[in-house]
>>> print(open('model02.cif').read())   # mmCIF, C-alpha atoms
data_upload
loop_
_atom_site.label_atom_id
_atom_site.label_comp_id
_atom_site.auth_asym_id
_atom_site.auth_seq_id
_atom_site.Cartn_x
_atom_site.Cartn_y
_atom_site.Cartn_z
CA MET A 1 7.40 -32.39 -14.02
CA SER A 2 5.00 -34.41 -16.19
CA ASP A 3 3.21 -35.91 -13.20
CA PHE A 4 2.68 -32.54 -11.57
CA GLU A 5 -1.01 -31.84 -11.14
CA PRO A 6 -1.48 -28.23 -10.09
CA LYS A 7 -4.05 -27.09 -7.60
CA ILE A 8 -5.88 -24.03 -8.83
CA ALA A 9 -8.37 -21.94 -6.88
CA ALA A 10 -10.97 -20.29 -9.09
CA PHE A 11 -13.18 -17.55 -7.70
CA LEU A 12 -16.25 -17.22 -9.89
CA CYS A 13 -18.93 -14.61 -9.72
CA ASN A 14 -22.35 -15.99 -8.99
CA TRP A 15 -24.09 -14.39 -11.95
CA CYS A 16 -21.88 -15.00 -14.96
CA SER A 17 -18.80 -17.15 -14.60
CA TYR A 18 -20.31 -19.65 -12.18
CA ALA A 19 -23.21 -20.13 -14.55
CA GLY A 20 -20.71 -20.32 -17.42
CA ALA A 21 -18.80 -23.11 -15.68
CA ASP A 22 -22.10 -24.80 -14.92
CA LEU A 23 -23.04 -24.61 -18.58
CA ALA A 24 -19.72 -26.22 -19.51
CA GLY A 25 -20.64 -29.05 -17.13
CA THR A 26 -24.21 -29.54 -18.26
CA SER A 27 -23.03 -29.41 -21.89
CA ARG A 28 -20.62 -32.24 -20.99
CA MET A 29 -17.55 -30.32 -22.12
CA GLU A 30 -14.35 -31.82 -20.82
CA TYR A 31 -11.75 -29.78 -19.02
CA PRO A 32 -9.06 -30.62 -16.45
CA ALA A 33 -10.20 -31.22 -12.88
CA ASN A 34 -7.42 -29.11 -11.36
CA VAL A 35 -9.61 -26.12 -10.60
CA LYS A 36 -11.45 -25.89 -7.32
CA ILE A 37 -14.33 -23.50 -7.81
CA ILE A 38 -15.29 -21.04 -5.10
CA ARG A 39 -18.43 -19.05 -5.70
CA VAL A 40 -18.45 -15.38 -4.76
CA PRO A 41 -21.36 -12.93 -5.15
CA CYS A 42 -19.43 -10.72 -7.54
CA SER A 43 -15.87 -10.23 -8.73
CA GLY A 44 -16.08 -6.97 -6.79
CA ARG A 45 -16.28 -9.10 -3.63
CA MET A 46 -12.75 -10.24 -4.23
CA ASN A 47 -10.17 -9.01 -1.81
CA PRO A 48 -6.46 -9.28 -2.67
CA LEU A 49 -6.18 -11.17 0.64
CA PHE A 50 -8.15 -14.07 -0.84
CA VAL A 51 -5.54 -14.43 -3.56
CA LEU A 52 -2.66 -14.14 -1.11
CA LYS A 53 -4.17 -16.67 1.23
CA CYS A 54 -4.47 -19.16 -1.61
CA LEU A 55 -0.89 -18.61 -2.74
CA ALA A 56 0.45 -18.70 0.82
CA ASN A 57 -1.39 -21.94 1.53
CA GLY A 58 -0.19 -23.87 -1.46
CA SER A 59 -2.37 -23.07 -4.46
CA ASP A 60 -0.31 -23.24 -7.60
CA GLY A 61 -2.59 -20.78 -9.34
CA VAL A 62 -5.50 -18.47 -8.68
CA LEU A 63 -8.14 -17.43 -11.15
CA ILE A 64 -10.72 -14.70 -10.71
CA SER A 65 -13.54 -14.70 -13.20
CA GLY A 66 -16.51 -12.39 -13.46
CA CYS A 67 -19.04 -10.85 -15.80
CA HIS A 68 -17.88 -8.96 -18.84
CA ILE A 69 -17.40 -5.24 -18.33
CA GLY A 70 -20.79 -3.56 -18.53
CA ASP A 71 -22.67 -6.75 -17.60
CA CYS A 72 -22.13 -6.77 -13.83
CA HIS A 73 -25.22 -7.77 -11.89
CA TYR A 74 -24.38 -5.00 -9.44
CA SER A 75 -23.60 -2.57 -12.27
CA GLU A 76 -20.03 -1.77 -11.33
CA GLY A 77 -18.50 -4.51 -9.20
CA ASN A 78 -16.23 -5.75 -11.94
CA TYR A 79 -14.95 -2.23 -12.62
CA HIS A 80 -13.70 -2.13 -9.05
CA ALA A 81 -12.22 -5.62 -9.33
CA ARG A 82 -10.41 -4.71 -12.53
CA ARG A 83 -8.77 -1.71 -10.91
CA ARG A 84 -7.73 -3.54 -7.75
CA PHE A 85 -6.30 -6.58 -9.43
CA ALA A 86 -4.45 -4.66 -12.10
CA VAL A 87 -2.32 -3.37 -9.22
CA LEU A 88 -1.99 -6.75 -7.50
CA LYS A 89 -1.07 -8.50 -10.73
CA ARG A 90 1.84 -6.16 -11.42
CA PHE A 91 2.93 -6.23 -7.81
CA LEU A 92 3.08 -10.03 -7.56
CA GLU A 93 5.17 -10.03 -10.70
CA TYR A 94 7.48 -7.45 -9.14
CA ILE A 95 8.26 -9.58 -6.12
CA GLY A 96 9.00 -12.50 -8.38
CA ILE A 97 5.80 -14.55 -8.38
CA ASP A 98 5.20 -16.02 -11.81
CA PRO A 99 2.52 -13.87 -13.50
CA ARG A 100 0.86 -17.04 -14.82
CA ARG A 101 -0.10 -17.96 -11.27
CA PHE A 102 -2.60 -15.16 -10.94
CA GLN A 103 -5.03 -14.64 -13.77
CA MET A 104 -8.31 -12.95 -14.40
CA SER A 105 -11.00 -13.51 -16.99
CA TRP A 106 -14.48 -12.44 -17.94
CA VAL A 107 -16.74 -15.41 -18.69
CA SER A 108 -20.45 -14.88 -19.25
CA ALA A 109 -23.23 -17.35 -18.42
CA SER A 110 -23.42 -18.42 -22.06
CA GLU A 111 -19.71 -18.99 -22.52
CA GLY A 112 -19.34 -22.59 -21.40
CA ASP A 113 -16.97 -23.25 -24.27
CA LYS A 114 -14.81 -20.26 -23.36
CA TRP A 115 -14.63 -21.56 -19.79
CA ALA A 116 -13.49 -25.02 -20.86
CA GLU A 117 -10.83 -23.58 -23.18
CA LEU A 118 -9.70 -21.13 -20.54
CA ILE A 119 -9.14 -23.87 -17.99
CA ASP A 120 -7.33 -26.06 -20.53
CA GLU A 121 -4.96 -23.21 -21.21
CA LEU A 122 -4.62 -22.19 -17.57
CA VAL A 123 -3.73 -25.69 -16.42
CA ASP A 124 -1.12 -26.00 -19.19
CA GLU A 125 0.42 -22.68 -18.20
CA ILE A 126 0.59 -23.55 -14.55
CA LYS A 127 2.06 -26.96 -15.27
CA GLU A 128 4.78 -25.09 -17.13
CA ALA A 129 5.25 -22.69 -14.23
CA GLY A 130 5.69 -25.62 -11.85
CA PRO A 131 4.75 -25.90 -8.18
CA ASN A 132 4.25 -22.70 -6.19
CA ARG A 133 7.19 -22.15 -3.87
CA MET A 134 5.66 -19.35 -1.84
CA GLY A 135 3.50 -21.69 0.18
CA ASN A 136 6.28 -24.02 1.08
CA ASP A 137 8.69 -23.07 3.83
CA LYS A 138 11.27 -25.69 2.91
CA TYR A 139 12.31 -23.56 -0.07
CA ALA A 140 13.36 -20.69 2.20
CA MET B 1 11.35 30.01 12.62
CA LEU B 2 11.04 28.21 15.94
CA LYS B 3 9.71 31.31 17.69
CA GLU B 4 7.07 31.73 15.03
CA LEU B 5 6.08 28.07 15.47
CA LYS B 6 5.82 28.46 19.24
CA ASP B 7 3.74 31.62 18.88
CA ILE B 8 1.32 29.95 16.50
CA SER B 9 1.03 26.91 18.80
CA LYS B 10 0.35 29.09 21.84
CA GLU B 11 -2.22 31.05 19.87
CA LEU B 12 -3.99 27.84 18.80
CA LEU B 13 -4.12 26.56 22.37
CA ARG B 14 -5.22 29.91 23.82
CA THR B 15 -8.02 30.44 21.35
CA GLY B 16 -9.16 26.84 21.65
CA ARG B 17 -8.72 26.15 17.96
CA ALA B 18 -6.61 23.23 19.12
CA SER B 19 -6.55 21.35 22.39
CA VAL B 20 -3.44 19.41 21.51
CA ILE B 21 -0.48 20.28 19.31
CA LEU B 22 1.48 17.47 17.69
CA ALA B 23 5.09 18.54 17.41
CA CYS B 24 8.64 17.44 18.20
CA ARG B 25 11.04 17.94 21.07
CA ARG B 26 14.65 16.98 21.71
CA SER B 27 15.09 13.41 22.83
CA SER B 28 17.37 12.37 25.68
CA ASP B 29 20.39 11.78 23.45
CA GLY B 30 20.50 15.54 22.87
CA VAL B 31 20.62 15.23 19.11
CA SER B 32 17.62 13.49 17.68
CA ALA B 33 14.02 14.52 18.11
CA MET B 34 10.95 12.72 19.43
CA PRO B 35 7.22 13.36 19.16
CA HIS B 36 5.90 15.88 21.64
CA PHE B 37 2.21 16.27 22.44
CA ILE B 38 1.46 19.71 23.81
CA PHE B 39 -1.62 20.35 25.89
CA LYS B 40 -0.52 23.49 27.78
CA GLU B 41 0.97 26.70 26.50
CA GLU B 42 4.08 26.40 28.68
CA ASP B 43 4.91 23.04 27.09
CA THR B 44 5.62 24.80 23.81
CA ASP B 45 9.02 25.77 25.28
CA ALA B 46 10.36 22.30 24.59
CA MET B 47 9.45 22.40 20.91
CA VAL B 48 12.19 21.95 18.37
CA LEU B 49 12.24 22.36 14.63
CA ASP B 50 15.11 21.06 12.56
CA SER B 51 15.99 18.32 10.13
CA TYR B 52 16.02 15.75 12.96
CA CYS B 53 12.23 16.13 13.20
CA VAL B 54 11.78 13.13 10.94
CA TYR B 55 8.39 12.00 12.18
CA ASN B 56 5.18 12.03 10.20
CA LEU B 57 3.00 13.19 13.07
CA SER B 58 -0.25 12.69 11.17
CA GLY B 59 -0.09 9.08 12.36
CA TYR B 60 -0.96 10.30 15.84
CA ILE B 61 -4.15 12.07 14.77
CA LYS B 62 -6.17 8.88 15.28
CA ASP B 63 -5.02 8.78 18.91
CA PHE B 64 -6.91 11.99 19.73
CA PRO B 65 -10.48 11.34 18.61
CA GLY B 66 -12.93 14.16 19.11
CA ARG B 67 -10.21 16.73 19.81
CA LYS B 68 -9.23 19.80 17.88
CA ILE B 69 -5.71 19.17 16.73
CA GLY B 70 -2.85 21.40 15.73
CA ILE B 71 -0.16 19.59 13.79
CA VAL B 72 3.28 20.47 12.54
CA ALA B 73 3.50 19.07 9.03
CA LYS B 74 6.18 18.69 6.41
CA PRO B 75 5.00 18.41 2.78
CA CYS B 76 4.87 14.60 2.90
CA ASP B 77 2.92 14.73 6.19
CA ALA B 78 0.45 17.19 4.70
CA ARG B 79 -0.17 14.77 1.86
CA SER B 80 -0.92 12.06 4.42
CA ILE B 81 -3.46 14.41 6.00
CA THR B 82 -5.01 14.86 2.56
CA VAL B 83 -5.47 11.10 2.26
CA LEU B 84 -7.02 10.96 5.75
CA LEU B 85 -9.42 13.72 4.67
CA GLN B 86 -10.25 11.83 1.47
CA GLU B 87 -11.03 8.75 3.54
CA ASN B 88 -13.17 10.67 6.02
CA GLN B 89 -10.84 9.95 8.92
CA LEU B 90 -10.94 13.52 10.11
CA ARG B 91 -12.72 16.77 9.39
CA ARG B 92 -10.79 19.65 7.95
CA GLU B 93 -12.19 22.05 10.58
CA ASP B 94 -10.82 19.85 13.38
CA VAL B 95 -7.22 20.15 12.31
CA SER B 96 -5.00 23.22 12.10
CA ILE B 97 -2.01 22.48 9.93
CA ILE B 98 1.19 24.33 10.66
CA GLY B 99 3.10 23.76 7.47
CA ILE B 100 6.87 23.66 7.49
CA GLU B 101 8.87 24.67 4.47
CA CYS B 102 11.04 21.58 4.40
CA ARG B 103 14.60 21.21 3.18
CA GLY B 104 14.66 17.50 3.92
CA VAL B 105 15.16 15.40 7.00
CA ILE B 106 18.15 13.47 8.25
CA ASP B 107 18.37 9.76 7.66
CA GLU B 108 19.11 8.61 11.19
CA LYS B 109 20.49 5.26 10.09
CA ARG B 110 22.93 6.91 7.73
CA SER B 111 23.91 9.71 10.08
CA ARG B 112 24.95 7.18 12.72
CA SER B 113 27.37 5.64 10.30
CA SER B 114 29.00 9.09 10.17
CA ASP B 115 27.86 9.60 6.59
CA MET B 116 25.55 12.45 7.52
CA GLY B 117 22.92 12.82 4.88
CA PHE B 118 19.35 13.51 3.98
CA ALA B 119 16.86 10.69 3.74
CA GLU B 120 16.55 9.02 0.37
CA LYS B 121 12.86 10.00 0.15
CA CYS B 122 13.78 13.69 0.33
CA ARG B 123 15.77 13.51 -2.88
CA ASP B 124 12.55 12.79 -4.77
CA CYS B 125 10.38 15.25 -2.85
CA LYS B 126 7.71 16.82 -5.00
CA SER B 127 7.41 20.14 -3.20
CA SER B 128 9.06 21.94 -0.32
CA THR B 129 5.86 23.75 0.74
CA PRO B 130 3.12 21.65 2.30
CA SER B 131 -0.45 21.64 1.14
CA PRO B 132 -3.05 21.82 2.67
CA ARG B 133 -1.93 24.17 5.42
CA ASP B 134 -3.28 26.90 7.65
CA TYR B 135 0.07 28.46 8.50
CA LEU B 136 3.43 28.36 6.81
CA ILE B 137 6.74 28.51 8.63
CA LYS B 138 9.29 29.64 6.08
CA GLY B 139 12.65 27.91 5.91
CA ASP B 140 16.02 29.58 5.93
CA GLY B 141 16.10 29.64 2.15
CA LYS B 142 19.18 27.46 1.86
CA THR B 143 19.56 24.99 -0.96
CA ASP B 144 17.24 22.09 -1.16
CA LYS B 145 17.78 18.40 -0.61
CA LYS B 146 15.94 17.73 -3.83
CA ASP B 147 17.88 16.04 -6.56
CA GLU B 148 16.55 17.84 -9.63
CA GLY B 149 16.18 15.69 -12.69
CA ARG B 150 16.67 12.42 -10.85
CA ASP B 151 14.37 9.62 -11.95
CA GLU B 152 12.58 8.78 -8.72
CA TYR B 153 11.89 5.25 -9.93
CA VAL B 154 15.43 4.44 -10.95
CA SER B 155 15.84 1.55 -8.51
CA ILE B 156 12.37 0.22 -9.33
CA ARG B 157 13.21 0.14 -13.02
CA LYS B 158 16.47 -1.62 -12.25
CA SER B 159 14.58 -4.24 -10.27
CA GLU B 160 11.94 -4.64 -12.98
CA ALA B 161 14.65 -5.41 -15.50
CA LYS B 162 15.79 -8.45 -13.50
CA SER B 163 14.47 -11.92 -14.21
CA PRO B 164 11.48 -13.17 -12.16
CA ALA B 165 13.71 -15.78 -10.50
CA GLU B 166 16.18 -13.10 -9.43
CA ARG B 167 13.40 -10.92 -8.07
CA PHE B 168 11.89 -13.85 -6.21
CA LYS B 169 15.23 -14.59 -4.59
CA LEU B 170 15.84 -10.95 -3.78
CA TRP B 171 12.50 -10.41 -2.07
CA GLN B 172 12.52 -13.79 -0.34
CA GLY B 173 15.80 -12.70 1.14
CA GLU B 174 14.45 -9.36 2.26
CA PHE B 175 11.24 -10.80 3.68
CA SER B 176 13.10 -13.59 5.47
CA ARG B 177 14.50 -10.97 7.86
CA CYS B 178 11.02 -9.74 8.81
CA ILE B 179 10.36 -10.43 12.49
CA ARG B 180 6.70 -9.48 12.15
CA CYS B 181 6.96 -6.73 14.76
CA TYR B 182 4.50 -4.69 12.66
CA ALA B 183 6.44 -1.50 13.33
CA CYS B 184 5.79 -0.57 9.68
CA ARG B 185 2.08 -0.74 10.36
CA GLN B 186 2.16 1.03 13.72
CA VAL B 187 4.08 3.99 12.38
CA CYS B 188 2.04 4.38 9.20
CA PRO B 189 -0.51 7.21 9.23
CA MET B 190 -2.62 5.25 6.75
CA CYS B 191 -2.88 2.15 8.94
CA TYR B 192 -5.78 3.17 11.12
CA CYS B 193 -7.98 0.06 11.06
CA PRO B 194 -9.09 -0.72 14.62
CA LYS B 195 -8.47 -4.40 13.90
CA CYS B 196 -5.72 -5.27 11.47
CA VAL B 197 -6.10 -8.33 9.25
CA ALA B 198 -2.69 -9.44 10.54
CA ASP B 199 -4.07 -9.69 14.08
CA GLN B 200 -7.23 -11.53 13.20
CA ALA B 201 -7.52 -15.16 14.18
CA HIS B 202 -10.97 -15.76 12.69
CA PRO B 203 -10.42 -15.81 9.83
CA SER B 204 -6.67 -16.04 9.98
CA TRP B 205 -5.47 -14.57 6.71
CA PHE B 206 -1.87 -15.66 6.87
CA SER B 207 0.50 -17.44 9.18
CA ARG B 208 1.54 -15.35 12.15
CA ALA B 209 4.77 -17.25 12.51
CA THR B 210 7.86 -15.89 10.81
CA GLY B 211 8.07 -18.14 7.79
CA VAL B 212 8.33 -17.75 4.06
CA SER B 213 4.63 -17.78 3.26
CA GLY B 214 3.49 -15.66 6.21
CA ASN B 215 6.21 -13.06 5.81
CA MET B 216 5.55 -12.73 2.14
CA ALA B 217 1.79 -12.55 2.59
CA TRP B 218 2.13 -9.88 5.29
CA ASN B 219 4.51 -7.71 3.32
CA VAL B 220 2.42 -7.98 0.16
CA THR B 221 -0.74 -7.19 2.12
CA ARG B 222 0.82 -4.12 3.70
CA ALA B 223 2.09 -2.86 0.38
CA ILE B 224 -1.17 -3.49 -1.47
CA HIS B 225 -3.10 -1.64 1.23
CA MET B 226 -0.91 1.36 0.45
CA ALA B 227 -1.97 1.50 -3.19
CA GLY B 228 -3.06 5.03 -4.00
CA ARG B 229 -2.60 6.02 -0.35
CA CYS B 230 1.12 6.03 0.36
CA THR B 231 2.52 9.54 0.27
CA SER B 232 6.17 8.43 0.45
CA CYS B 233 6.77 9.74 3.95
CA GLY B 234 9.13 6.79 4.43
CA GLU B 235 8.13 6.11 8.02
CA CYS B 236 7.72 2.34 7.49
CA GLU B 237 11.22 1.94 6.19
CA ARG B 238 12.62 4.16 8.94
CA ALA B 239 10.86 2.13 11.62
CA CYS B 240 11.79 -1.28 10.23
CA PRO B 241 14.34 -2.90 12.57
CA ALA B 242 15.22 -5.48 9.94
CA GLY B 243 16.09 -2.92 7.28
CA ILE B 244 13.66 -4.22 4.69
CA PRO B 245 13.50 -1.71 1.82
CA LEU B 246 9.75 -1.17 2.15
CA MET B 247 9.81 2.01 0.09
CA GLU B 248 10.88 -0.06 -2.90
CA LEU B 249 7.51 -1.80 -2.61
CA ASN B 250 5.53 1.38 -2.01
CA LYS B 251 7.27 3.17 -4.86
CA LYS B 252 6.59 0.30 -7.24
CA ILE B 253 2.88 0.52 -6.51
CA GLU B 254 2.97 4.31 -6.72
CA LYS B 255 4.57 4.02 -10.15
CA ASP B 256 2.05 1.43 -11.38
CA VAL B 257 -0.91 3.42 -10.11
CA LYS B 258 0.41 6.50 -11.87
CA GLU B 259 0.93 4.58 -15.11
CA LEU B 260 -2.33 2.64 -15.02
CA PHE B 261 -4.77 5.20 -13.68
CA GLY B 262 -2.94 8.53 -13.68
CA TYR B 263 -3.57 8.73 -9.94
CA GLU B 264 -1.30 10.27 -7.33
CA ALA B 265 -1.90 9.95 -3.61
CA GLY B 266 -2.48 12.95 -1.41
CA GLU B 267 -2.98 15.50 -4.16
CA ASP B 268 -6.57 16.57 -3.66
CA ALA B 269 -8.80 16.07 -0.62
CA GLU B 270 -11.92 16.31 -2.82
CA GLN B 271 -10.82 13.49 -5.10
CA LYS B 272 -12.30 10.05 -4.49
CA PRO B 273 -9.80 7.47 -3.20
CA LEU B 274 -8.24 5.27 -5.88
CA PHE B 275 -10.09 2.07 -5.04
CA SER B 276 -13.41 3.76 -4.31
CA SER B 277 -13.60 4.90 -7.87
CA PHE B 278 -13.00 3.52 -11.34
CA ASP B 279 -12.88 4.60 -14.91
CA LYS B 280 -14.73 2.79 -17.68
CA ASN B 281 -11.51 2.85 -19.67
CA ASP B 282 -9.25 1.37 -17.01
CA PRO B 283 -6.68 -0.93 -18.64
CA ASP B 284 -7.77 -4.56 -18.91
CA ASP B 285 -5.16 -6.06 -21.19
CA PHE B 286 -4.27 -8.54 -18.44
CA ILE B 287 -7.76 -10.05 -18.40
CA LYS B 288 -8.64 -12.96 -20.64
#
>>> encode(input="model02.cif", output="structure tokens")
Amino acid sequence: MSDFEPKIAAFLCNWCSYAGADLAGTSRMEYPANVKIIRVPCSGRMNPLFVLKCLANGSDGVLISGCHIGDCHYSEGNYHARRRFAVLKRFLEYIGIDPRRFQMSWVSASEGDKWAELIDELVDEIKEAGPNRMGNDKYA
Amino acid sequence: MLKELKDISKELLRTGRASVILACRRSSDGVSAMPHFIFKEEDTDAMVLDSYCVYNLSGYIKDFPGRKIGIVAKPCDARSITVLLQENQLRREDVSIIGIECRGVIDEKRSRSSDMGFAEKCRDCKSSTPSPRDYLIKGDGKTDKKDEGRDEYVSIRKSEAKSPAERFKLWQGEFSRCIRCYACRQVCPMCYCPKCVADQAHPSWFSRATGVSGNMAWNVTRAIHMAGRCTSCGECERACPAGIPLMELNKKIEKDVKELFGYEAGEDAEQKPLFSSFDKNDPDDFIK
């Protein structure tokens, strides 16, 4: 599995995590290129369907990242996200999807280093988990 | 019991407090029951009330917009009505709830195989008297279907103890039988969206063909949409022609929501819905 390069969809909130990832870039920190970043207005914008669509269409992992609790640009968007995805996370695990495939994090605009470390770790974990079988009908 | 129910229904229709009564009548096989919508007093004659009245009639409320409705409700149905009230899908003054003291309903699939028995959901029933209600039809006082002291999540816990690979195989197997007829959605009182995400083409959220990814995405979506809303009426599982144990999914979410947020669906019409509210101390140990 050493040549397996996972595809990871990362949904980042516009105000914190996207800026955090941007900071990692402008600070020339190196991290794996496996994440495809999708910018959303707020982690509260995230619908469990987004995650399912990614997994059903072949993403090996999905990451949602937003502002730290208490720092949401819209005051409470991330509180809603936290509640929703706590349920989804446990549920995906229940039906046998590797819990490493769906992760959440809080990354602020000043945490470029945290972002780079997070992605390093995430890519390692998903490489361990192997390719996602949910999006591939030949494993039926 | 039945006479009392008919009298109340006639009264509701006569006084105009309801223009339609949602109830049950005998179906053509002479044994089972079917939904019966009553618009005229004389139609109350066909009403029946027994443990074959398995239906959660609150699912039909959405089909009568702008009408005053009388509805015959078991405890689980009344909880569904509570959720509809919480979500502003109807006004309390528009619905007259004729509560039935329920001893449990027959599991049609099991009774056909000659092993006559109550539905699995009834063994874990929380209460035999419905709430909210405007009337109460008392039962015959015979023993209950409820299995006192049974752990209602026993099969969930068993499943949780399995390895992820085993669970993946198990649920892939179950979902592979799904023919995407959406009977689970049609029968669910909580599925009232005018346009379901499963029917949307733009954007298309998941494959509409019966395949691994689409079946899984649909079943997960349905289950997740039930979080904090499912009142364990068991209609989805009853309607499923493929025999997918959908209640095992609903119950898992019910259990998680109870553990994580201390929330139970259909308890209080004044309470905010689970996902419309939050607590500053919600668990976040899963977030990095």
>>> interface_residues(input="model02.cif", of="chain B", to="chain A", cutoff="9 Å", atoms="all atoms listed in the file", output="ChimeraX atom specification")
/B:159-160,163-173,176,205-207,211-214,216-217,220-221,223-224,227,249,252-253,256-257,260-261,274-280,282-284,286-288
>>> resolve_selection(input="model02.cif", expression="the PyMOL selection byres ((chain B and resi 182-199) around 7)", output="mmCIF file with C-alpha atoms, keeping the file's coordinate frame")
data_model
loop_
_atom_site.group_PDB
_atom_site.id
_atom_site.type_symbol
_atom_site.label_atom_id
_atom_site.label_comp_id
_atom_site.auth_asym_id
_atom_site.auth_seq_id
_atom_site.Cartn_x
_atom_site.Cartn_y
_atom_site.Cartn_z
ATOM 1 C CA SER B 58 -0.250 12.690 11.170
ATOM 2 C CA GLY B 59 -0.090 9.080 12.360
ATOM 3 C CA SER B 80 -0.920 12.060 4.420
ATOM 4 C CA ARG B 180 6.700 -9.480 12.150
ATOM 5 C CA CYS B 181 6.960 -6.730 14.760
ATOM 6 C CA GLN B 200 -7.230 -11.530 13.200
ATOM 7 C CA ALA B 201 -7.520 -15.160 14.180
ATOM 8 C CA TRP B 205 -5.470 -14.570 6.710
ATOM 9 C CA GLU B 235 8.130 6.110 8.020
ATOM 10 C CA CYS B 236 7.720 2.340 7.490
ATOM 11 C CA GLU B 237 11.220 1.940 6.190
ATOM 12 C CA ALA B 239 10.860 2.130 11.620
ATOM 13 C CA CYS B 240 11.790 -1.280 10.230
#
>>> atom_distance(input="model02.cif", atom1="CA of Gly228 in chain B", atom2="CA of Val83 in chain B")
9.0 Å
>>> residues_around(input="model02.cif", residues="Gly139 in chain B", least_positions_apart="6", cutoff="8 Å", atoms="all atoms listed in the file", output="ChimeraX atom specification")
/B:1,100-103
>>> write_last_selection(input="model02.cif", atoms="C-alpha atoms", output="PDB file, in the coordinates of the input")
ATOM      1  CA  MET B   1      11.350  30.010  12.620  1.00  0.00           C
ATOM      2  CA  ILE B 100       6.870  23.660   7.490  1.00  0.00           C
ATOM      3  CA  GLU B 101       8.870  24.670   4.470  1.00  0.00           C
ATOM      4  CA  CYS B 102      11.040  21.580   4.400  1.00  0.00           C
ATOM      5  CA  ARG B 103      14.600  21.210   3.180  1.00  0.00           C
TER       6      ARG B 103
END
>>> atom_distance(input="model02.cif", atom1="CA of Ile37 in chain A", atom2="CA of Ser108 in chain A")
15.6 Å
>>> closest_residue(input="model02.cif", among="A:Ala21, A:Val35, A:Ala129, A:Ala116", to="Leu63 in chain A", atoms="only C-alpha atoms")
A:Val35
>>> resolve_selection(input="model02.cif", expression="the PyMOL selection byres ((chain A and resi 33) around 10)", output="mmCIF file with C-alpha atoms, keeping the file's coordinate frame")
data_model
loop_
_atom_site.group_PDB
_atom_site.id
_atom_site.type_symbol
_atom_site.label_atom_id
_atom_site.label_comp_id
_atom_site.auth_asym_id
_atom_site.auth_seq_id
_atom_site.Cartn_x
_atom_site.Cartn_y
_atom_site.Cartn_z
ATOM 1 C CA GLU A 5 -1.010 -31.840 -11.140
ATOM 2 C CA PRO A 6 -1.480 -28.230 -10.090
ATOM 3 C CA LYS A 7 -4.050 -27.090 -7.600
ATOM 4 C CA ILE A 8 -5.880 -24.030 -8.830
ATOM 5 C CA GLU A 30 -14.350 -31.820 -20.820
ATOM 6 C CA TYR A 31 -11.750 -29.780 -19.020
ATOM 7 C CA PRO A 32 -9.060 -30.620 -16.450
ATOM 8 C CA ASN A 34 -7.420 -29.110 -11.360
ATOM 9 C CA VAL A 35 -9.610 -26.120 -10.600
ATOM 10 C CA LYS A 36 -11.450 -25.890 -7.320
ATOM 11 C CA ILE A 119 -9.140 -23.870 -17.990
ATOM 12 C CA ASP A 120 -7.330 -26.060 -20.530
ATOM 13 C CA VAL A 123 -3.730 -25.690 -16.420
#
>>> residues_near_point(input="model02.cif", point="(4.7, 20.3, 10.2)", cutoff="7 Å", atoms="all atoms listed in the file", output="PyMOL selection string")
chain B and resi 71-74+98-100
>>> resolve_selection(input="model02.cif", expression="the PyMOL selection byres ((chain B and resi 243-248) around 8)", output="list in words")
Ser155, Ile156, Glu174, Phe175, Arg177, Cys178, Ser232, Gly234, Cys236, Glu237, Cys240, Pro241, Ala242, Leu249, Asn250, Lys251 and Lys252 of chain B
>>> atom_distance(input="model02.cif", atom1="CA of Glu4 in chain B", atom2="CA of Val31 in chain B")
21.7 Å
